[in-house]
file upload_4.cif (mmCIF, N, CA and C atoms)
data_input
#
loop_
_atom_site.label_atom_id
_atom_site.label_comp_id
_atom_site.auth_asym_id
_atom_site.auth_seq_id
_atom_site.Cartn_x
_atom_site.Cartn_y
_atom_site.Cartn_z
N MET U 1 -15.91 10.98 17.38
CA MET U 1 -14.65 10.34 17.08
C MET U 1 -14.32 9.31 18.15
N THR U 2 -13.61 8.29 17.77
CA THR U 2 -13.19 7.33 18.78
C THR U 2 -12.20 8.02 19.70
N SER U 3 -12.24 7.66 20.96
CA SER U 3 -11.42 8.36 21.95
C SER U 3 -9.93 8.20 21.68
N LYS U 4 -9.53 7.12 21.10
CA LYS U 4 -8.10 6.89 20.85
C LYS U 4 -7.52 7.93 19.89
N PHE U 5 -8.31 8.39 18.94
CA PHE U 5 -7.80 9.30 17.92
C PHE U 5 -8.37 10.72 17.98
N ARG U 6 -9.41 10.93 18.79
CA ARG U 6 -10.04 12.26 18.82
C ARG U 6 -9.03 13.35 19.17
N GLU U 7 -8.40 13.24 20.31
CA GLU U 7 -7.46 14.28 20.73
C GLU U 7 -6.22 14.39 19.85
N PRO U 8 -5.61 13.29 19.43
CA PRO U 8 -4.46 13.46 18.54
C PRO U 8 -4.79 14.20 17.24
N PHE U 9 -5.98 13.98 16.68
CA PHE U 9 -6.33 14.69 15.46
C PHE U 9 -6.73 16.13 15.74
N GLU U 10 -7.31 16.40 16.90
CA GLU U 10 -7.56 17.79 17.28
C GLU U 10 -6.24 18.54 17.47
N TYR U 11 -5.28 17.87 18.11
CA TYR U 11 -3.93 18.42 18.29
C TYR U 11 -3.28 18.68 16.93
N ASN U 12 -3.35 17.72 16.05
CA ASN U 12 -2.74 17.86 14.72
C ASN U 12 -3.35 19.04 13.97
N PHE U 13 -4.68 19.12 13.98
CA PHE U 13 -5.39 20.21 13.32
C PHE U 13 -4.97 21.56 13.91
N HIS U 14 -4.95 21.64 15.23
CA HIS U 14 -4.61 22.89 15.92
C HIS U 14 -3.21 23.38 15.54
N PHE U 15 -2.22 22.51 15.64
CA PHE U 15 -0.85 22.96 15.39
C PHE U 15 -0.56 23.17 13.91
N ASN U 16 -1.27 22.49 13.03
CA ASN U 16 -1.16 22.84 11.61
C ASN U 16 -1.68 24.25 11.37
N GLN U 17 -2.80 24.59 12.00
CA GLN U 17 -3.34 25.95 11.88
C GLN U 17 -2.36 26.97 12.43
N GLU U 18 -1.83 26.70 13.61
CA GLU U 18 -0.89 27.63 14.25
C GLU U 18 0.37 27.81 13.40
N LEU U 19 0.82 26.75 12.79
CA LEU U 19 2.01 26.83 11.96
C LEU U 19 1.76 27.67 10.72
N VAL U 20 0.62 27.52 10.10
CA VAL U 20 0.27 28.34 8.94
C VAL U 20 0.22 29.82 9.36
N LEU U 21 -0.33 30.11 10.52
CA LEU U 21 -0.35 31.49 11.02
C LEU U 21 1.05 32.03 11.23
N LEU U 22 1.94 31.20 11.74
CA LEU U 22 3.33 31.63 11.93
C LEU U 22 4.00 31.91 10.58
N PHE U 23 3.75 31.07 9.60
CA PHE U 23 4.26 31.31 8.25
C PHE U 23 3.76 32.66 7.75
N GLU U 24 2.49 32.91 7.97
CA GLU U 24 1.84 34.10 7.44
C GLU U 24 2.40 35.40 8.02
N LYS U 25 2.94 35.35 9.23
CA LYS U 25 3.47 36.56 9.87
C LYS U 25 4.54 37.23 9.02
N ASP U 26 5.40 36.42 8.42
CA ASP U 26 6.43 36.98 7.55
C ASP U 26 6.87 35.92 6.55
N LEU U 27 5.98 35.69 5.60
CA LEU U 27 6.19 34.63 4.61
C LEU U 27 7.50 34.80 3.84
N ALA U 28 7.93 36.04 3.64
CA ALA U 28 9.16 36.29 2.88
C ALA U 28 10.40 35.74 3.59
N LEU U 29 10.37 35.63 4.91
CA LEU U 29 11.52 35.13 5.67
C LEU U 29 11.51 33.63 5.87
N VAL U 30 10.38 32.99 5.59
CA VAL U 30 10.24 31.55 5.82
C VAL U 30 11.07 30.78 4.79
N PRO U 31 11.90 29.85 5.27
CA PRO U 31 12.67 29.04 4.33
C PRO U 31 11.74 28.27 3.38
N GLU U 32 12.09 28.25 2.11
CA GLU U 32 11.25 27.59 1.12
C GLU U 32 11.04 26.11 1.45
N LYS U 33 12.06 25.48 1.97
CA LYS U 33 11.93 24.06 2.32
C LYS U 33 10.86 23.87 3.40
N SER U 34 10.72 24.84 4.30
CA SER U 34 9.68 24.77 5.33
C SER U 34 8.29 24.79 4.70
N LEU U 35 8.13 25.66 3.72
CA LEU U 35 6.84 25.74 3.04
C LEU U 35 6.55 24.45 2.28
N LYS U 36 7.56 23.86 1.68
CA LYS U 36 7.39 22.57 1.01
C LYS U 36 6.97 21.48 2.00
N LEU U 37 7.59 21.49 3.17
CA LEU U 37 7.25 20.50 4.19
C LEU U 37 5.83 20.70 4.72
N MET U 38 5.42 21.96 4.89
CA MET U 38 4.05 22.23 5.35
C MET U 38 3.04 21.73 4.34
N ASN U 39 3.30 21.97 3.07
CA ASN U 39 2.42 21.45 2.02
C ASN U 39 2.41 19.93 2.06
N HIS U 40 3.56 19.32 2.26
CA HIS U 40 3.66 17.86 2.29
C HIS U 40 2.87 17.28 3.47
N ILE U 41 2.93 17.94 4.63
CA ILE U 41 2.15 17.47 5.78
C ILE U 41 0.67 17.39 5.41
N LEU U 42 0.17 18.48 4.84
CA LEU U 42 -1.25 18.55 4.50
C LEU U 42 -1.59 17.62 3.34
N ASN U 43 -0.73 17.57 2.35
CA ASN U 43 -0.97 16.71 1.18
C ASN U 43 -1.00 15.23 1.58
N ALA U 44 -0.05 14.83 2.40
CA ALA U 44 0.01 13.42 2.81
C ALA U 44 -1.24 13.03 3.60
N HIS U 45 -1.69 13.93 4.47
CA HIS U 45 -2.92 13.66 5.22
C HIS U 45 -4.09 13.49 4.25
N GLN U 46 -4.16 14.36 3.25
CA GLN U 46 -5.23 14.27 2.26
C GLN U 46 -5.12 12.96 1.48
N VAL U 47 -3.92 12.57 1.12
CA VAL U 47 -3.71 11.33 0.35
C VAL U 47 -4.22 10.13 1.15
N TRP U 48 -3.86 10.05 2.43
CA TRP U 48 -4.30 8.92 3.24
C TRP U 48 -5.82 8.91 3.40
N ASN U 49 -6.39 10.09 3.68
CA ASN U 49 -7.85 10.16 3.76
C ASN U 49 -8.49 9.69 2.46
N SER U 50 -7.93 10.13 1.34
CA SER U 50 -8.53 9.79 0.04
C SER U 50 -8.43 8.29 -0.24
N ARG U 51 -7.40 7.65 0.25
CA ARG U 51 -7.29 6.20 0.08
C ARG U 51 -8.40 5.47 0.82
N ILE U 52 -8.71 5.97 2.01
CA ILE U 52 -9.76 5.35 2.81
C ILE U 52 -11.14 5.68 2.24
N LEU U 53 -11.34 6.93 1.84
CA LEU U 53 -12.64 7.41 1.37
C LEU U 53 -12.87 7.21 -0.13
N ASN U 54 -11.87 6.64 -0.81
CA ASN U 54 -11.96 6.41 -2.25
C ASN U 54 -12.19 7.72 -3.01
N GLN U 55 -11.35 8.70 -2.71
CA GLN U 55 -11.40 10.00 -3.38
C GLN U 55 -10.13 10.20 -4.19
N ILE U 56 -10.09 11.26 -4.95
CA ILE U 56 -8.91 11.57 -5.77
C ILE U 56 -7.84 12.20 -4.87
N PRO U 57 -6.65 11.61 -4.85
CA PRO U 57 -5.60 12.13 -3.97
C PRO U 57 -4.81 13.28 -4.58
N PHE U 58 -4.26 14.10 -3.70
CA PHE U 58 -3.27 15.09 -4.10
C PHE U 58 -1.98 14.36 -4.44
N LEU U 59 -1.03 15.07 -4.98
CA LEU U 59 0.33 14.56 -5.08
C LEU U 59 1.03 14.90 -3.77
N PRO U 60 1.82 13.99 -3.23
CA PRO U 60 2.41 14.22 -1.91
C PRO U 60 3.25 15.50 -1.79
N TRP U 61 3.91 15.89 -2.85
CA TRP U 61 4.80 17.06 -2.78
C TRP U 61 4.29 18.23 -3.61
N GLN U 62 3.01 18.23 -3.96
CA GLN U 62 2.49 19.36 -4.74
C GLN U 62 2.52 20.62 -3.87
N MET U 63 2.70 21.74 -4.52
CA MET U 63 2.67 23.03 -3.82
C MET U 63 1.29 23.64 -4.04
N ASN U 64 0.64 23.98 -2.94
CA ASN U 64 -0.69 24.57 -2.97
C ASN U 64 -0.57 26.08 -2.77
N GLU U 65 -1.57 26.80 -3.21
CA GLU U 65 -1.61 28.24 -2.93
C GLU U 65 -1.59 28.41 -1.41
N PHE U 66 -0.81 29.37 -0.94
CA PHE U 66 -0.70 29.57 0.50
C PHE U 66 -2.07 29.79 1.13
N SER U 67 -2.92 30.52 0.46
CA SER U 67 -4.26 30.81 0.99
C SER U 67 -5.13 29.56 1.12
N ASN U 68 -4.72 28.46 0.49
CA ASN U 68 -5.48 27.21 0.57
C ASN U 68 -5.02 26.28 1.69
N LEU U 69 -3.93 26.62 2.37
CA LEU U 69 -3.39 25.70 3.36
C LEU U 69 -4.35 25.47 4.52
N ASN U 70 -4.89 26.52 5.11
CA ASN U 70 -5.84 26.30 6.20
C ASN U 70 -7.11 25.61 5.73
N PRO U 71 -7.68 25.97 4.57
CA PRO U 71 -8.84 25.19 4.10
C PRO U 71 -8.53 23.71 3.87
N ILE U 72 -7.34 23.41 3.38
CA ILE U 72 -6.96 22.00 3.19
C ILE U 72 -6.88 21.31 4.55
N ASN U 73 -6.29 21.99 5.53
CA ASN U 73 -6.20 21.45 6.89
C ASN U 73 -7.60 21.18 7.44
N GLU U 74 -8.52 22.12 7.24
CA GLU U 74 -9.89 21.95 7.72
C GLU U 74 -10.59 20.77 7.04
N THR U 75 -10.41 20.65 5.74
CA THR U 75 -11.01 19.53 5.00
C THR U 75 -10.42 18.21 5.46
N ASN U 76 -9.11 18.18 5.66
CA ASN U 76 -8.47 16.96 6.17
C ASN U 76 -9.08 16.54 7.51
N PHE U 77 -9.23 17.51 8.41
CA PHE U 77 -9.78 17.22 9.73
C PHE U 77 -11.22 16.72 9.62
N THR U 78 -12.01 17.37 8.79
CA THR U 78 -13.40 16.95 8.59
C THR U 78 -13.47 15.54 8.03
N ASN U 79 -12.65 15.25 7.02
CA ASN U 79 -12.67 13.92 6.42
C ASN U 79 -12.17 12.85 7.39
N THR U 80 -11.21 13.20 8.23
CA THR U 80 -10.74 12.24 9.23
C THR U 80 -11.84 11.96 10.25
N LYS U 81 -12.61 12.98 10.63
CA LYS U 81 -13.73 12.75 11.55
C LYS U 81 -14.76 11.83 10.90
N ILE U 82 -15.00 11.98 9.60
CA ILE U 82 -15.92 11.08 8.88
C ILE U 82 -15.41 9.65 8.95
N ILE U 83 -14.12 9.48 8.76
CA ILE U 83 -13.51 8.14 8.83
C ILE U 83 -13.68 7.57 10.24
N LEU U 84 -13.37 8.38 11.25
CA LEU U 84 -13.44 7.90 12.63
C LEU U 84 -14.86 7.54 13.04
N GLN U 85 -15.83 8.25 12.51
CA GLN U 85 -17.22 8.00 12.89
C GLN U 85 -17.89 6.92 12.04
N GLY U 86 -17.38 6.69 10.83
CA GLY U 86 -18.11 5.82 9.92
C GLY U 86 -17.41 4.55 9.47
N PHE U 87 -16.20 4.32 9.93
CA PHE U 87 -15.45 3.15 9.48
C PHE U 87 -15.03 2.30 10.67
N ASP U 88 -14.93 1.03 10.44
CA ASP U 88 -14.33 0.11 11.41
C ASP U 88 -12.82 0.30 11.31
N LEU U 89 -12.21 0.78 12.37
CA LEU U 89 -10.78 1.09 12.32
C LEU U 89 -9.91 -0.15 12.20
N ASN U 90 -10.47 -1.32 12.46
CA ASN U 90 -9.74 -2.57 12.26
C ASN U 90 -9.82 -3.06 10.83
N GLN U 91 -10.64 -2.38 10.01
CA GLN U 91 -10.77 -2.75 8.60
C GLN U 91 -9.44 -2.53 7.89
N THR U 92 -9.09 -3.46 7.02
CA THR U 92 -7.90 -3.35 6.20
C THR U 92 -8.31 -2.79 4.85
N ILE U 93 -7.56 -1.81 4.37
CA ILE U 93 -7.84 -1.28 3.04
C ILE U 93 -6.67 -1.60 2.11
N LEU U 94 -7.00 -1.76 0.86
CA LEU U 94 -6.00 -1.96 -0.19
C LEU U 94 -5.81 -0.63 -0.89
N TYR U 95 -4.57 -0.28 -1.21
CA TYR U 95 -4.29 0.98 -1.89
C TYR U 95 -2.99 0.85 -2.68
N GLN U 96 -2.77 1.83 -3.52
CA GLN U 96 -1.52 1.92 -4.28
C GLN U 96 -0.78 3.17 -3.86
N ASN U 97 0.55 3.07 -3.76
CA ASN U 97 1.32 4.28 -3.50
C ASN U 97 1.53 5.03 -4.81
N THR U 98 2.28 6.11 -4.76
CA THR U 98 2.46 6.93 -5.96
C THR U 98 3.28 6.22 -7.04
N LYS U 99 3.96 5.14 -6.68
CA LYS U 99 4.71 4.36 -7.66
C LYS U 99 3.87 3.22 -8.25
N GLY U 100 2.62 3.11 -7.80
CA GLY U 100 1.74 2.06 -8.29
C GLY U 100 1.87 0.75 -7.55
N GLU U 101 2.70 0.71 -6.49
CA GLU U 101 2.86 -0.51 -5.70
C GLU U 101 1.63 -0.68 -4.80
N LYS U 102 1.19 -1.93 -4.68
CA LYS U 102 -0.02 -2.22 -3.90
C LYS U 102 0.35 -2.62 -2.47
N PHE U 103 -0.46 -2.11 -1.54
CA PHE U 103 -0.27 -2.41 -0.13
C PHE U 103 -1.62 -2.55 0.54
N GLU U 104 -1.61 -3.05 1.76
CA GLU U 104 -2.81 -3.08 2.58
C GLU U 104 -2.42 -2.80 4.02
N ASN U 105 -3.24 -2.01 4.68
CA ASN U 105 -3.03 -1.67 6.08
C ASN U 105 -4.37 -1.47 6.77
N LYS U 106 -4.37 -1.65 8.08
CA LYS U 106 -5.55 -1.33 8.87
C LYS U 106 -5.72 0.18 8.92
N ILE U 107 -6.97 0.62 8.96
CA ILE U 107 -7.25 2.06 9.02
C ILE U 107 -6.63 2.66 10.27
N GLU U 108 -6.69 1.98 11.41
CA GLU U 108 -6.12 2.55 12.63
C GLU U 108 -4.61 2.75 12.50
N ASP U 109 -3.92 1.90 11.77
CA ASP U 109 -2.48 2.08 11.57
C ASP U 109 -2.22 3.27 10.65
N ILE U 110 -3.06 3.46 9.67
CA ILE U 110 -2.94 4.62 8.78
C ILE U 110 -3.16 5.90 9.57
N LEU U 111 -4.16 5.91 10.43
CA LEU U 111 -4.45 7.11 11.23
C LEU U 111 -3.28 7.44 12.16
N PHE U 112 -2.71 6.42 12.78
CA PHE U 112 -1.55 6.64 13.63
C PHE U 112 -0.39 7.21 12.80
N HIS U 113 -0.22 6.67 11.61
CA HIS U 113 0.84 7.16 10.72
C HIS U 113 0.65 8.63 10.38
N ILE U 114 -0.58 9.06 10.10
CA ILE U 114 -0.83 10.46 9.75
C ILE U 114 -0.34 11.38 10.87
N ILE U 115 -0.68 11.06 12.11
CA ILE U 115 -0.27 11.88 13.25
C ILE U 115 1.25 11.87 13.37
N ASN U 116 1.85 10.70 13.33
CA ASN U 116 3.30 10.58 13.48
C ASN U 116 4.04 11.32 12.36
N HIS U 117 3.56 11.17 11.15
CA HIS U 117 4.17 11.81 9.98
C HIS U 117 4.12 13.33 10.11
N SER U 118 2.98 13.84 10.53
CA SER U 118 2.81 15.29 10.67
C SER U 118 3.74 15.83 11.75
N THR U 119 3.81 15.15 12.88
CA THR U 119 4.67 15.59 13.99
C THR U 119 6.13 15.59 13.56
N TYR U 120 6.54 14.57 12.86
CA TYR U 120 7.91 14.46 12.37
C TYR U 120 8.28 15.66 11.50
N HIS U 121 7.43 15.99 10.55
CA HIS U 121 7.75 17.10 9.64
C HIS U 121 7.60 18.47 10.31
N ARG U 122 6.69 18.61 11.28
CA ARG U 122 6.65 19.87 12.02
C ARG U 122 7.95 20.08 12.78
N GLY U 123 8.55 19.00 13.26
CA GLY U 123 9.86 19.08 13.91
C GLY U 123 10.94 19.54 12.94
N GLN U 124 10.90 19.05 11.73
CA GLN U 124 11.86 19.51 10.72
C GLN U 124 11.68 20.99 10.43
N ILE U 125 10.43 21.43 10.35
CA ILE U 125 10.15 22.84 10.10
C ILE U 125 10.69 23.69 11.25
N ALA U 126 10.52 23.23 12.48
CA ALA U 126 11.04 23.97 13.64
C ALA U 126 12.55 24.14 13.53
N LEU U 127 13.25 23.10 13.14
CA LEU U 127 14.70 23.19 12.97
C LEU U 127 15.07 24.19 11.88
N LEU U 128 14.39 24.13 10.76
CA LEU U 128 14.66 25.07 9.67
C LEU U 128 14.38 26.51 10.09
N PHE U 129 13.30 26.72 10.84
CA PHE U 129 13.01 28.06 11.35
C PHE U 129 14.15 28.55 12.24
N ARG U 130 14.54 27.72 13.20
CA ARG U 130 15.59 28.11 14.13
C ARG U 130 16.88 28.44 13.38
N GLU U 131 17.23 27.64 12.39
CA GLU U 131 18.43 27.89 11.59
C GLU U 131 18.33 29.20 10.80
N SER U 132 17.11 29.64 10.53
CA SER U 132 16.89 30.88 9.78
C SER U 132 16.65 32.09 10.68
N GLY U 133 16.76 31.89 11.99
CA GLY U 133 16.57 32.99 12.92
C GLY U 133 15.12 33.28 13.25
N ILE U 134 14.23 32.37 12.92
CA ILE U 134 12.80 32.53 13.22
C ILE U 134 12.48 31.67 14.44
N GLU U 135 11.79 32.26 15.41
CA GLU U 135 11.38 31.49 16.59
C GLU U 135 10.38 30.42 16.16
N PRO U 136 10.71 29.14 16.35
CA PRO U 136 9.80 28.09 15.88
C PRO U 136 8.59 27.93 16.80
N LEU U 137 7.58 27.31 16.25
CA LEU U 137 6.39 26.94 17.00
C LEU U 137 6.74 25.74 17.88
N ILE U 138 6.40 25.81 19.14
CA ILE U 138 6.57 24.64 20.01
C ILE U 138 5.26 23.86 19.91
N SER U 139 5.33 22.71 19.27
CA SER U 139 4.11 21.96 18.95
C SER U 139 4.07 20.58 19.60
N ASP U 140 4.76 20.44 20.73
CA ASP U 140 4.71 19.17 21.44
C ASP U 140 3.30 18.88 21.93
N TYR U 141 2.92 17.63 21.92
CA TYR U 141 1.59 17.24 22.35
C TYR U 141 1.31 17.66 23.79
N ILE U 142 2.32 17.54 24.65
CA ILE U 142 2.10 17.91 26.05
C ILE U 142 1.81 19.39 26.20
N ILE U 143 2.37 20.22 25.34
CA ILE U 143 2.07 21.66 25.34
C ILE U 143 0.60 21.86 25.00
N TYR U 144 0.13 21.12 24.02
CA TYR U 144 -1.29 21.19 23.63
C TYR U 144 -2.17 20.80 24.82
N LYS U 145 -1.81 19.76 25.52
CA LYS U 145 -2.62 19.29 26.63
C LYS U 145 -2.61 20.26 27.81
N ARG U 146 -1.54 21.05 27.96
CA ARG U 146 -1.45 22.00 29.06
C ARG U 146 -2.40 23.17 28.86
N ASN U 147 -2.72 23.49 27.61
CA ASN U 147 -3.53 24.68 27.34
C ASN U 147 -4.97 24.36 27.37
#
call {"tool": "encode", "arguments": {"input": "upload_4.cif", "output": "C-alpha cells"}}
result
Amino acid sequence: MTSKFREPFEYNFHFNQELVLLFEKDLALVPEKSLKLMNHILNAHQVWNSRILNQIPFLPWQMNEFSNLNPINETNFTNTKIILQGFDLNQTILYQNTKGEKFENKIEDILFHIINHSTYHRGQIALLFRESGIEPLISDYIIYKRN
C-alpha cells in the first residue's frame, strides 16, 4: 500500500472490527440507529471501492445480516489494498451517485473521503452509545497509534 493511506486504512479496518465486537457483546441494547450507521459505514466503503473497481455496489443504507459485517469489512479492506497497489491514485474516475448524477474525482480524494466518512459516523455511534448508557469505543487515530 502507498504509505499515505496504508495506516489510515489499517486503522479504519481495526476500529470497524472492534466496533462490531462491541455491538456483539449485547446487541439487544444497541440503539437501532447505531446499527444502521455501522452498516452505512461499511456499505459506503464498498460503494466507493466498487466505483473504482467497476463492481456492483451495495445500497448505501442497506441493512446487512449482522454476521456479515466483519466479512464485509474484511472484503472492503482487501479491495482497498488492491486499489492502493494497482491504481494510479492521481487517476480521475467517472461515476454516478445513487440518484444517477455523474461526477468525477481523483482516487486519492475518494480514499481520503472513505476514511473521513467512516470516522465521522463512528463518532455518531459513540454519541448514541453514550446516550443509551453503553460505554462507547474510543476510536481516535492517536489511540490506534499508541497501541
call {"tool": "resolve_selection", "arguments": {"input": "upload_4.cif", "expression": "the PyMOL selection byres (((chain U and resi 52 and name CA) around 12) and name CA)", "output": "PDB file with N, CA and C atoms, in the coordinates of the input"}}
result
ATOM      1  N   HIS U  45      -1.690  13.930   4.470  1.00  0.00           N
ATOM      2  CA  HIS U  45      -2.920  13.660   5.220  1.00  0.00           C
ATOM      3  C   HIS U  45      -4.090  13.490   4.250  1.00  0.00           C
ATOM      4  N   GLN U  46      -4.160  14.360   3.250  1.00  0.00           N
ATOM      5  CA  GLN U  46      -5.230  14.270   2.260  1.00  0.00           C
ATOM      6  C   GLN U  46      -5.120  12.960   1.480  1.00  0.00           C
ATOM      7  N   VAL U  47      -3.920  12.570   1.120  1.00  0.00           N
ATOM      8  CA  VAL U  47      -3.710  11.330   0.350  1.00  0.00           C
ATOM      9  C   VAL U  47      -4.220  10.130   1.150  1.00  0.00           C
ATOM     10  N   TRP U  48      -3.860  10.050   2.430  1.00  0.00           N
ATOM     11  CA  TRP U  48      -4.300   8.920   3.240  1.00  0.00           C
ATOM     12  C   TRP U  48      -5.820   8.910   3.400  1.00  0.00           C
ATOM     13  N   ASN U  49      -6.390  10.090   3.680  1.00  0.00           N
ATOM     14  CA  ASN U  49      -7.850  10.160   3.760  1.00  0.00           C
ATOM     15  C   ASN U  49      -8.490   9.690   2.460  1.00  0.00           C
ATOM     16  N   SER U  50      -7.930  10.130   1.340  1.00  0.00           N
ATOM     17  CA  SER U  50      -8.530   9.790   0.040  1.00  0.00           C
ATOM     18  C   SER U  50      -8.430   8.290  -0.240  1.00  0.00           C
ATOM     19  N   ARG U  51      -7.400   7.650   0.250  1.00  0.00           N
ATOM     20  CA  ARG U  51      -7.290   6.200   0.080  1.00  0.00           C
ATOM     21  C   ARG U  51      -8.400   5.470   0.820  1.00  0.00           C
ATOM     22  N   LEU U  53     -11.340   6.930   1.840  1.00  0.00           N
ATOM     23  CA  LEU U  53     -12.640   7.410   1.370  1.00  0.00           C
ATOM     24  C   LEU U  53     -12.870   7.210  -0.130  1.00  0.00           C
ATOM     25  N   ASN U  54     -11.870   6.640  -0.810  1.00  0.00           N
ATOM     26  CA  ASN U  54     -11.960   6.410  -2.250  1.00  0.00           C
ATOM     27  C   ASN U  54     -12.190   7.720  -3.010  1.00  0.00           C
ATOM     28  N   GLN U  55     -11.350   8.700  -2.710  1.00  0.00           N
ATOM     29  CA  GLN U  55     -11.400  10.000  -3.380  1.00  0.00           C
ATOM     30  C   GLN U  55     -10.130  10.200  -4.190  1.00  0.00           C
ATOM     31  N   ILE U  56     -10.090  11.260  -4.950  1.00  0.00           N
ATOM     32  CA  ILE U  56      -8.910  11.570  -5.770  1.00  0.00           C
ATOM     33  C   ILE U  56      -7.840  12.200  -4.870  1.00  0.00           C
ATOM     34  N   PRO U  57      -6.650  11.610  -4.850  1.00  0.00           N
ATOM     35  CA  PRO U  57      -5.600  12.130  -3.970  1.00  0.00           C
ATOM     36  C   PRO U  57      -4.810  13.280  -4.580  1.00  0.00           C
ATOM     37  N   ASN U  79     -12.650  15.250   7.020  1.00  0.00           N
ATOM     38  CA  ASN U  79     -12.670  13.920   6.420  1.00  0.00           C
ATOM     39  C   ASN U  79     -12.170  12.850   7.390  1.00  0.00           C
ATOM     40  N   THR U  80     -11.210  13.200   8.230  1.00  0.00           N
ATOM     41  CA  THR U  80     -10.740  12.240   9.230  1.00  0.00           C
ATOM     42  C   THR U  80     -11.840  11.960  10.250  1.00  0.00           C
ATOM     43  N   ILE U  82     -15.000  11.980   9.600  1.00  0.00           N
ATOM     44  CA  ILE U  82     -15.920  11.080   8.880  1.00  0.00           C
ATOM     45  C   ILE U  82     -15.410   9.650   8.950  1.00  0.00           C
ATOM     46  N   ILE U  83     -14.120   9.480   8.760  1.00  0.00           N
ATOM     47  CA  ILE U  83     -13.510   8.140   8.830  1.00  0.00           C
ATOM     48  C   ILE U  83     -13.680   7.570  10.240  1.00  0.00           C
ATOM     49  N   LEU U  84     -13.370   8.380  11.250  1.00  0.00           N
ATOM     50  CA  LEU U  84     -13.440   7.900  12.630  1.00  0.00           C
ATOM     51  C   LEU U  84     -14.860   7.540  13.040  1.00  0.00           C
ATOM     52  N   GLY U  86     -17.380   6.690  10.830  1.00  0.00           N
ATOM     53  CA  GLY U  86     -18.110   5.820   9.920  1.00  0.00           C
ATOM     54  C   GLY U  86     -17.410   4.550   9.470  1.00  0.00           C
ATOM     55  N   PHE U  87     -16.200   4.320   9.930  1.00  0.00           N
ATOM     56  CA  PHE U  87     -15.450   3.150   9.480  1.00  0.00           C
ATOM     57  C   PHE U  87     -15.030   2.300  10.670  1.00  0.00           C
ATOM     58  N   ASP U  88     -14.930   1.030  10.440  1.00  0.00           N
ATOM     59  CA  ASP U  88     -14.330   0.110  11.410  1.00  0.00           C
ATOM     60  C   ASP U  88     -12.820   0.300  11.310  1.00  0.00           C
ATOM     61  N   LEU U  89     -12.210   0.780  12.370  1.00  0.00           N
ATOM     62  CA  LEU U  89     -10.780   1.090  12.320  1.00  0.00           C
ATOM     63  C   LEU U  89      -9.910  -0.150  12.200  1.00  0.00           C
ATOM     64  N   GLN U  91     -10.640  -2.380  10.010  1.00  0.00           N
ATOM     65  CA  GLN U  91     -10.770  -2.750   8.600  1.00  0.00           C
ATOM     66  C   GLN U  91      -9.440  -2.530   7.890  1.00  0.00           C
ATOM     67  N   THR U  92      -9.090  -3.460   7.020  1.00  0.00           N
ATOM     68  CA  THR U  92      -7.900  -3.350   6.200  1.00  0.00           C
ATOM     69  C   THR U  92      -8.310  -2.790   4.850  1.00  0.00           C
ATOM     70  N   ILE U  93      -7.560  -1.810   4.370  1.00  0.00           N
ATOM     71  CA  ILE U  93      -7.840  -1.280   3.040  1.00  0.00           C
ATOM     72  C   ILE U  93      -6.670  -1.600   2.110  1.00  0.00           C
ATOM     73  N   LEU U  94      -7.000  -1.760   0.860  1.00  0.00           N
ATOM     74  CA  LEU U  94      -6.000  -1.960  -0.190  1.00  0.00           C
ATOM     75  C   LEU U  94      -5.810  -0.630  -0.890  1.00  0.00           C
ATOM     76  N   TYR U  95      -4.570  -0.280  -1.210  1.00  0.00           N
ATOM     77  CA  TYR U  95      -4.290   0.980  -1.890  1.00  0.00           C
ATOM     78  C   TYR U  95      -2.990   0.850  -2.680  1.00  0.00           C
ATOM     79  N   GLN U  96      -2.770   1.830  -3.520  1.00  0.00           N
ATOM     80  CA  GLN U  96      -1.520   1.920  -4.280  1.00  0.00           C
ATOM     81  C   GLN U  96      -0.780   3.170  -3.860  1.00  0.00           C
ATOM     82  N   GLU U 104      -1.610  -3.050   1.760  1.00  0.00           N
ATOM     83  CA  GLU U 104      -2.810  -3.080   2.580  1.00  0.00           C
ATOM     84  C   GLU U 104      -2.420  -2.800   4.020  1.00  0.00           C
ATOM     85  N   ASN U 105      -3.240  -2.010   4.680  1.00  0.00           N
ATOM     86  CA  ASN U 105      -3.030  -1.670   6.080  1.00  0.00           C
ATOM     87  C   ASN U 105      -4.370  -1.470   6.770  1.00  0.00           C
ATOM     88  N   LYS U 106      -4.370  -1.650   8.080  1.00  0.00           N
ATOM     89  CA  LYS U 106      -5.550  -1.330   8.870  1.00  0.00           C
ATOM     90  C   LYS U 106      -5.720   0.180   8.920  1.00  0.00           C
ATOM     91  N   ILE U 107      -6.970   0.620   8.960  1.00  0.00           N
ATOM     92  CA  ILE U 107      -7.250   2.060   9.020  1.00  0.00           C
ATOM     93  C   ILE U 107      -6.630   2.660  10.270  1.00  0.00           C
ATOM     94  N   GLU U 108      -6.690   1.980  11.410  1.00  0.00           N
ATOM     95  CA  GLU U 108      -6.120   2.550  12.630  1.00  0.00           C
ATOM     96  C   GLU U 108      -4.610   2.750  12.500  1.00  0.00           C
ATOM     97  N   ASP U 109      -3.920   1.900  11.770  1.00  0.00           N
ATOM     98  CA  ASP U 109      -2.480   2.080  11.570  1.00  0.00           C
ATOM     99  C   ASP U 109      -2.220   3.270  10.650  1.00  0.00           C
ATOM    100  N   ILE U 110      -3.060   3.460   9.670  1.00  0.00           N
ATOM    101  CA  ILE U 110      -2.940   4.620   8.780  1.00  0.00           C
ATOM    102  C   ILE U 110      -3.160   5.900   9.570  1.00  0.00           C
ATOM    103  N   LEU U 111      -4.160   5.910  10.430  1.00  0.00           N
ATOM    104  CA  LEU U 111      -4.450   7.110  11.230  1.00  0.00           C
ATOM    105  C   LEU U 111      -3.280   7.440  12.160  1.00  0.00           C
TER     106      LEU U 111
END
call {"tool": "select_by_dssp", "arguments": {"input": "upload_4.cif", "residues": "segment 54-132 of chain U", "states": "alpha helix (DSSP H)", "output": "ChimeraX atom specification"}}
result
/U:69-86,107-131
call {"tool": "axis_aligned_box", "arguments": {"input": "upload_4.cif", "around": "segment 74-87 of chain U", "padding_each_side": "3 Å", "output": "lines of an AutoDock Vina configuration file"}}
result
center_x = -13.3
center_y = 12.2
center_z = 9.0
size_x = 15.6
size_y = 25.8
size_z = 14.0
call {"tool": "residues_around", "arguments": {"input": "upload_4.cif", "residues": "Tyr11 of chain U", "least_positions_apart": "2", "cutoff": "9 Å", "atoms": "only C-alpha atoms", "output": "ChimeraX atom specification"}}
result
/U:6-9,13-16,139,141,144-145
